[in-house]
There are 2 protein chains.
Amino acid sequence: MVQQKDNAPRTPLSRERVLSAAVVLADQSGVESLSMRKLAQELGVVPMALYKHVANKEELLDGMVDVIVGEIDTGASGVDWKSAVRQRVLAARQILLRHPWARRVIESRTSKSPVVLEYMDSMIGMFRSGGFSVDLTHHVMHALGSRMWGFTQEVFDDDPASAPAEVPPEILRAMAERYPHVMEIAMRADHDGESVVGQGCDDQFEFEFALDLLLDGFERLHQQGWTSRRSAAQR
Amino acid sequence: MVQQKDNAPRTPLSRERVLSAAVVLADQSGVESLSMRKLAQELGVVPMALYKHVANKEELLDGMVDVIVGEIDTGASGVDWKSAVRQRVLAARQILLRHPWARRVIESRTSKSPVVLEYMDSMIGMFRSGGFSVDLTHHVMHALGSRMWGFTQEVFDDDPASAPAEVPPEILRAMAERYPHVMEIAMRADHDGESVVGQGCDDQFEFEFALDLLLDGFERLHQQGWTSRRSAAQR
DNA sequence: ACCTGAACACCGTTCAAGT
DNA sequence: ACCTGAACACCGTTCAAGT
């Protein structure tokens, strides 16, 4: 209300303008507070005007995902499948880190847009070019899951409270008693005995650790000529 | 309005009753349609009455997660870490499959309840009992991520449309041209040449495939005496 | 034919008025 | 002191009335 755009619609509304405004709004204040009404206001437009460019809010979210996925650097290089996949996933991660809301929205989409299919297709292609069978590639894509977008859902968050430094010591002691293993890890000291109490942890390191663990596993199965033999064995 | 509970509150409202009614409601019609108002109506109570037992909707959702996590069969046995973890995760999966909404709600929680901490603590304990270092256990828990709750976010969904059988053949042909790798996998034939077009895929198989891949990787690192050496190498 | 204000059917939560 | 109806400040979307 205070900073509503003063312009008469000099640039006419378009799907693109709607989508990128929505992305900016989500970047600024999160998806949960993104509403059709606020978006319209931001664009200096009556709410119903949006419905000329997106059928409903779901389609708006679909479009926002497309904008994000379109940002992912897809510049491949003539390297081996493993480096190619690794590079692509880490590129996706760079984008996703800039749009923290995108993680949740990607997960919530039920249908896949051409942009998303394109992305998946080229990633599958990397494994196939590396000589992976259709069978193995299929399972490998499942195992990769949302990591192919460069994120994991961090259900395990390290510090039991959000800011361990501010938790009073008697509470910490009580927690260490009830949840000894959780606290041991949250308060871990590293191998050299140097204490790194409550320093949180390096997300990028954790991400690459798990990614490489999976990629190494994929490579091993591929080299062994692994096959699921589903129909023969269990159907 | 049509089947509102006729009873005067014979059983007085309690946190437990509120939570389990919420779980039932979510089971029946999904979380997205679970509202404080509908829940109150289901319990034959005025909306505001709920706020005596839960501070707000967020706390309601927290409580619902506790109910679900509490259902997980935690009956351990004196087996090796790998079987113990595997068994626990698959037990969690059984529960999660019965409450499809729980996946999304667990992911959305920002704070961890005692019930959740308890669950995580005992899982960490399994690795520690297996001789894993604090360091390795830490990374391994991250790599496990939400798989420790028995689910993955199925971003990769196999069939590009939801019901491939109903997609007209000319559309299929067009898609095969644009997304050859995606279609190849969706339409995969197994090794013996027997066609399994569009049969979808076995979620349980995929889940166990990825879980075992990770567990095998963990085992290998453990046997190698892997350590992150973070402070030495990069800090 | 296009555009849009008002309205509809919802939300979660506050708050003051009733007991 | 407790309980709760009405109200507030929102939603996404429909629809009919205006141009």
# chains A, B, ... in the order shown; residues from 1 in each chain; ligands from 1

$ interface_residues --of "chain B" --to "chain C" --cutoff "9 Å" --atoms "only C-alpha atoms (C1' of nucleotides)" --output "MDAnalysis selection string"
chainID B and resid 35:37 48 56:57

$ write_last_selection --atoms "all heavy atoms" --output "mmCIF file, in the first residue's frame"
data_model
loop_
_atom_site.group_PDB
_atom_site.id
_atom_site.type_symbol
_atom_site.label_atom_id
_atom_site.label_comp_id
_atom_site.auth_asym_id
_atom_site.auth_seq_id
_atom_site.Cartn_x
_atom_site.Cartn_y
_atom_site.Cartn_z
ATOM 1 N N SER B 35 -8.117 -28.021 8.102
ATOM 2 C CA SER B 35 -8.132 -26.684 8.692
ATOM 3 C C SER B 35 -8.585 -26.774 10.143
ATOM 4 O O SER B 35 -9.232 -27.732 10.546
ATOM 5 C CB SER B 35 -9.059 -25.764 7.904
ATOM 6 O OG SER B 35 -10.411 -26.120 8.118
ATOM 7 N N MET B 36 -8.212 -25.771 10.896
ATOM 8 C CA MET B 36 -8.613 -25.730 12.296
ATOM 9 C C MET B 36 -10.131 -25.795 12.402
ATOM 10 O O MET B 36 -10.689 -26.445 13.280
ATOM 11 C CB MET B 36 -8.104 -24.439 12.945
ATOM 12 C CG MET B 36 -6.588 -24.295 12.972
ATOM 13 S SD MET B 36 -5.756 -25.549 13.940
ATOM 14 C CE MET B 36 -5.799 -24.818 15.582
ATOM 15 N N ARG B 37 -10.789 -25.118 11.487
ATOM 16 C CA ARG B 37 -12.246 -25.049 11.531
ATOM 17 C C ARG B 37 -12.882 -26.404 11.254
ATOM 18 O O ARG B 37 -13.812 -26.824 11.953
ATOM 19 C CB ARG B 37 -12.718 -23.995 10.532
ATOM 20 C CG ARG B 37 -12.371 -22.577 10.986
ATOM 21 C CD ARG B 37 -12.491 -21.572 9.852
ATOM 22 N NE ARG B 37 -13.473 -20.533 10.124
ATOM 23 C CZ ARG B 37 -13.175 -19.269 10.412
ATOM 24 N NH1 ARG B 37 -11.916 -18.874 10.460
ATOM 25 N NH2 ARG B 37 -14.125 -18.395 10.638
ATOM 26 N N MET B 48 -12.344 -22.179 18.423
ATOM 27 C CA MET B 48 -11.460 -21.647 19.447
ATOM 28 C C MET B 48 -11.119 -22.633 20.550
ATOM 29 O O MET B 48 -10.115 -22.490 21.251
ATOM 30 C CB MET B 48 -12.058 -20.375 20.045
ATOM 31 C CG MET B 48 -11.823 -19.141 19.201
ATOM 32 S SD MET B 48 -10.137 -19.042 18.638
ATOM 33 C CE MET B 48 -9.295 -18.844 20.215
ATOM 34 N N ASN B 56 -1.255 -23.170 18.113
ATOM 35 C CA ASN B 56 -1.658 -22.715 16.787
ATOM 36 C C ASN B 56 -1.552 -23.887 15.812
ATOM 37 O O ASN B 56 -1.272 -25.015 16.216
ATOM 38 C CB ASN B 56 -0.790 -21.546 16.341
ATOM 39 C CG ASN B 56 0.692 -21.846 16.561
ATOM 40 O OD1 ASN B 56 1.132 -22.964 16.367
ATOM 41 N ND2 ASN B 56 1.434 -20.846 16.975
ATOM 42 N N LYS B 57 -1.734 -23.602 14.546
ATOM 43 C CA LYS B 57 -1.749 -24.705 13.587
ATOM 44 C C LYS B 57 -0.385 -25.380 13.447
ATOM 45 O O LYS B 57 -0.296 -26.598 13.268
ATOM 46 C CB LYS B 57 -2.226 -24.212 12.215
ATOM 47 C CG LYS B 57 -2.605 -25.375 11.308
ATOM 48 C CD LYS B 57 -3.147 -24.956 9.973
ATOM 49 C CE LYS B 57 -3.509 -26.201 9.161
ATOM 50 N NZ LYS B 57 -4.001 -25.856 7.809
#

$ interface_residues --of "chain A" --to "chain B" --cutoff "8 Å" --atoms "only C-alpha atoms" --output "ChimeraX atom specification"
/A:106-107,111-112,117-118,120-122,124-125,134-135,137-143,145-146,152-156,160-162,178-182,184-185,188,190-191,206-207,209-210,213-214,217,227,229-231

$ write_last_selection --atoms "N, CA and C atoms" --output "short mmCIF file (atom, residue, chain, number, x, y, z; two decimals), in the first residue's frame"
data_model
loop_
_atom_site.label_atom_id
_atom_site.label_comp_id
_atom_site.auth_asym_id
_atom_site.auth_seq_id
_atom_site.Cartn_x
_atom_site.Cartn_y
_atom_site.Cartn_z
N ILE A 106 9.49 -27.11 -6.07
CA ILE A 106 9.80 -28.21 -6.99
C ILE A 106 9.22 -29.52 -6.46
N GLU A 107 9.42 -29.76 -5.19
CA GLU A 107 8.91 -31.00 -4.59
C GLU A 107 7.40 -31.11 -4.66
N SER A 111 2.91 -32.26 -11.89
CA SER A 111 3.14 -32.50 -13.32
C SER A 111 4.45 -31.86 -13.74
N LYS A 112 4.99 -32.33 -14.83
CA LYS A 112 6.29 -31.83 -15.26
C LYS A 112 6.17 -31.01 -16.53
N LEU A 117 11.16 -31.51 -18.09
CA LEU A 117 11.41 -32.74 -18.84
C LEU A 117 12.73 -32.65 -19.60
N GLU A 118 12.96 -31.48 -20.19
CA GLU A 118 14.20 -31.22 -20.91
C GLU A 118 15.41 -31.44 -19.99
N MET A 120 15.57 -33.16 -17.17
CA MET A 120 15.70 -34.56 -16.80
C MET A 120 16.25 -35.39 -17.96
N ASP A 121 15.75 -35.06 -19.15
CA ASP A 121 16.19 -35.82 -20.32
C ASP A 121 17.69 -35.71 -20.52
N SER A 122 18.21 -34.50 -20.36
CA SER A 122 19.64 -34.34 -20.62
C SER A 122 20.47 -35.00 -19.51
N ILE A 124 19.53 -37.77 -17.83
CA ILE A 124 19.48 -39.20 -18.15
C ILE A 124 20.46 -39.50 -19.28
N GLY A 125 20.50 -38.58 -20.26
CA GLY A 125 21.39 -38.76 -21.40
C GLY A 125 22.85 -38.89 -20.98
N VAL A 134 19.68 -48.96 -19.84
CA VAL A 134 18.42 -48.31 -19.51
C VAL A 134 17.98 -48.71 -18.11
N ASP A 135 18.10 -49.97 -17.84
CA ASP A 135 17.73 -50.52 -16.54
C ASP A 135 18.47 -49.81 -15.40
N THR A 137 20.22 -47.07 -15.44
CA THR A 137 19.97 -45.63 -15.45
C THR A 137 18.66 -45.31 -14.72
N HIS A 138 17.69 -46.13 -14.97
CA HIS A 138 16.39 -45.94 -14.32
C HIS A 138 16.51 -45.92 -12.79
N HIS A 139 17.18 -46.95 -12.26
CA HIS A 139 17.29 -47.03 -10.81
C HIS A 139 18.18 -45.94 -10.24
N VAL A 140 19.18 -45.62 -11.00
CA VAL A 140 20.13 -44.61 -10.59
C VAL A 140 19.46 -43.22 -10.51
N MET A 141 18.58 -42.96 -11.43
CA MET A 141 17.85 -41.69 -11.39
C MET A 141 16.95 -41.62 -10.15
N HIS A 142 16.36 -42.76 -9.83
CA HIS A 142 15.55 -42.80 -8.61
C HIS A 142 16.40 -42.56 -7.37
N ALA A 143 17.56 -43.21 -7.35
CA ALA A 143 18.44 -43.07 -6.19
C ALA A 143 18.92 -41.62 -6.04
N GLY A 145 17.21 -39.01 -7.02
CA GLY A 145 16.04 -38.31 -6.49
C GLY A 145 16.19 -36.81 -6.62
N SER A 146 15.82 -36.09 -5.59
CA SER A 146 15.82 -34.64 -5.69
C SER A 146 17.23 -34.07 -5.66
N THR A 152 19.00 -31.37 -0.96
CA THR A 152 18.47 -32.44 -0.14
C THR A 152 17.52 -31.80 0.85
N GLN A 153 16.58 -32.57 1.30
CA GLN A 153 15.76 -32.04 2.37
C GLN A 153 16.51 -32.27 3.67
N GLU A 154 16.91 -31.22 4.29
CA GLU A 154 17.72 -31.36 5.49
C GLU A 154 16.85 -31.64 6.70
N VAL A 155 16.44 -32.89 6.80
CA VAL A 155 15.62 -33.26 7.95
C VAL A 155 16.49 -33.38 9.18
N PHE A 156 17.70 -33.78 8.92
CA PHE A 156 18.66 -33.88 10.02
C PHE A 156 19.44 -32.59 10.04
N PRO A 160 20.25 -29.49 17.72
CA PRO A 160 18.90 -29.80 18.19
C PRO A 160 18.07 -28.54 18.39
N ALA A 161 18.66 -27.53 18.90
CA ALA A 161 17.98 -26.24 18.90
C ALA A 161 18.58 -25.48 17.72
N SER A 162 18.02 -24.36 17.37
CA SER A 162 18.52 -23.67 16.20
C SER A 162 19.85 -22.98 16.47
N ARG A 178 19.51 -37.01 27.77
CA ARG A 178 18.40 -37.69 27.08
C ARG A 178 18.78 -38.13 25.68
N TYR A 179 19.53 -37.30 24.99
CA TYR A 179 19.87 -37.60 23.60
C TYR A 179 21.38 -37.60 23.42
N PRO A 180 22.05 -38.55 24.05
CA PRO A 180 23.51 -38.53 24.06
C PRO A 180 24.12 -38.57 22.66
N HIS A 181 23.55 -39.35 21.79
CA HIS A 181 24.13 -39.50 20.46
C HIS A 181 23.95 -38.25 19.62
N VAL A 182 22.76 -37.67 19.73
CA VAL A 182 22.50 -36.44 18.98
C VAL A 182 23.48 -35.36 19.43
N GLU A 184 26.35 -35.66 20.96
CA GLU A 184 27.73 -36.02 20.62
C GLU A 184 28.09 -35.53 19.23
N ILE A 185 27.11 -35.67 18.32
CA ILE A 185 27.35 -35.27 16.94
C ILE A 185 27.27 -33.76 16.78
N ARG A 188 30.44 -32.32 18.12
CA ARG A 188 31.58 -33.17 17.78
C ARG A 188 32.90 -32.39 17.76
N ASP A 190 36.73 -32.73 16.08
CA ASP A 190 37.25 -33.48 14.94
C ASP A 190 38.42 -34.35 15.34
N HIS A 191 38.99 -35.01 14.38
CA HIS A 191 39.93 -36.08 14.67
C HIS A 191 41.19 -35.63 15.39
N GLU A 206 28.69 -31.54 3.03
CA GLU A 206 27.74 -32.64 3.23
C GLU A 206 27.09 -33.04 1.91
N PHE A 207 26.76 -32.03 1.13
CA PHE A 207 26.09 -32.32 -0.14
C PHE A 207 27.02 -33.12 -1.05
N PHE A 209 29.61 -34.86 -0.22
CA PHE A 209 29.90 -36.16 0.39
C PHE A 209 28.87 -37.19 -0.07
N ALA A 210 27.60 -36.84 0.09
CA ALA A 210 26.53 -37.78 -0.27
C ALA A 210 26.47 -37.98 -1.78
N LEU A 213 29.28 -40.22 -2.80
CA LEU A 213 29.01 -41.59 -2.33
C LEU A 213 28.09 -42.29 -3.32
N LEU A 214 27.07 -41.58 -3.76
CA LEU A 214 26.13 -42.16 -4.72
C LEU A 214 26.80 -42.40 -6.08
N GLY A 217 28.95 -45.29 -6.00
CA GLY A 217 28.13 -46.50 -6.01
C GLY A 217 27.62 -46.82 -7.40
N THR A 227 22.44 -55.68 -13.00
CA THR A 227 21.11 -55.63 -13.60
C THR A 227 20.08 -56.05 -12.58
N ARG A 229 17.12 -57.58 -13.01
CA ARG A 229 16.51 -58.90 -13.19
C ARG A 229 15.17 -59.00 -12.48
N ARG A 230 14.42 -57.95 -12.57
CA ARG A 230 13.17 -57.94 -11.81
C ARG A 230 12.19 -58.99 -12.30
N SER A 231 11.94 -58.97 -13.62
CA SER A 231 10.90 -59.87 -14.12
C SER A 231 11.29 -61.32 -13.87
#

$ select_by_dssp --residues "stretch 9-170 of chain A" --states "alpha helix (DSSP H)" --output "count of residues only"
93

$ atom_distance --atom1 "atom CA of B:Arg98" --atom2 "atom CA of B:Val23"
10.9 Å

$ residues_around --residues "B:Gly70" --least-positions-apart "4" --cutoff "10 Å" --atoms "only C-alpha atoms (C1' of nucleotides)" --output "list in words"
Met64, Val65, Asp66, Thr74, Ala92, Ile95, Val115, Val116, Glu118 and Tyr119 of chain B
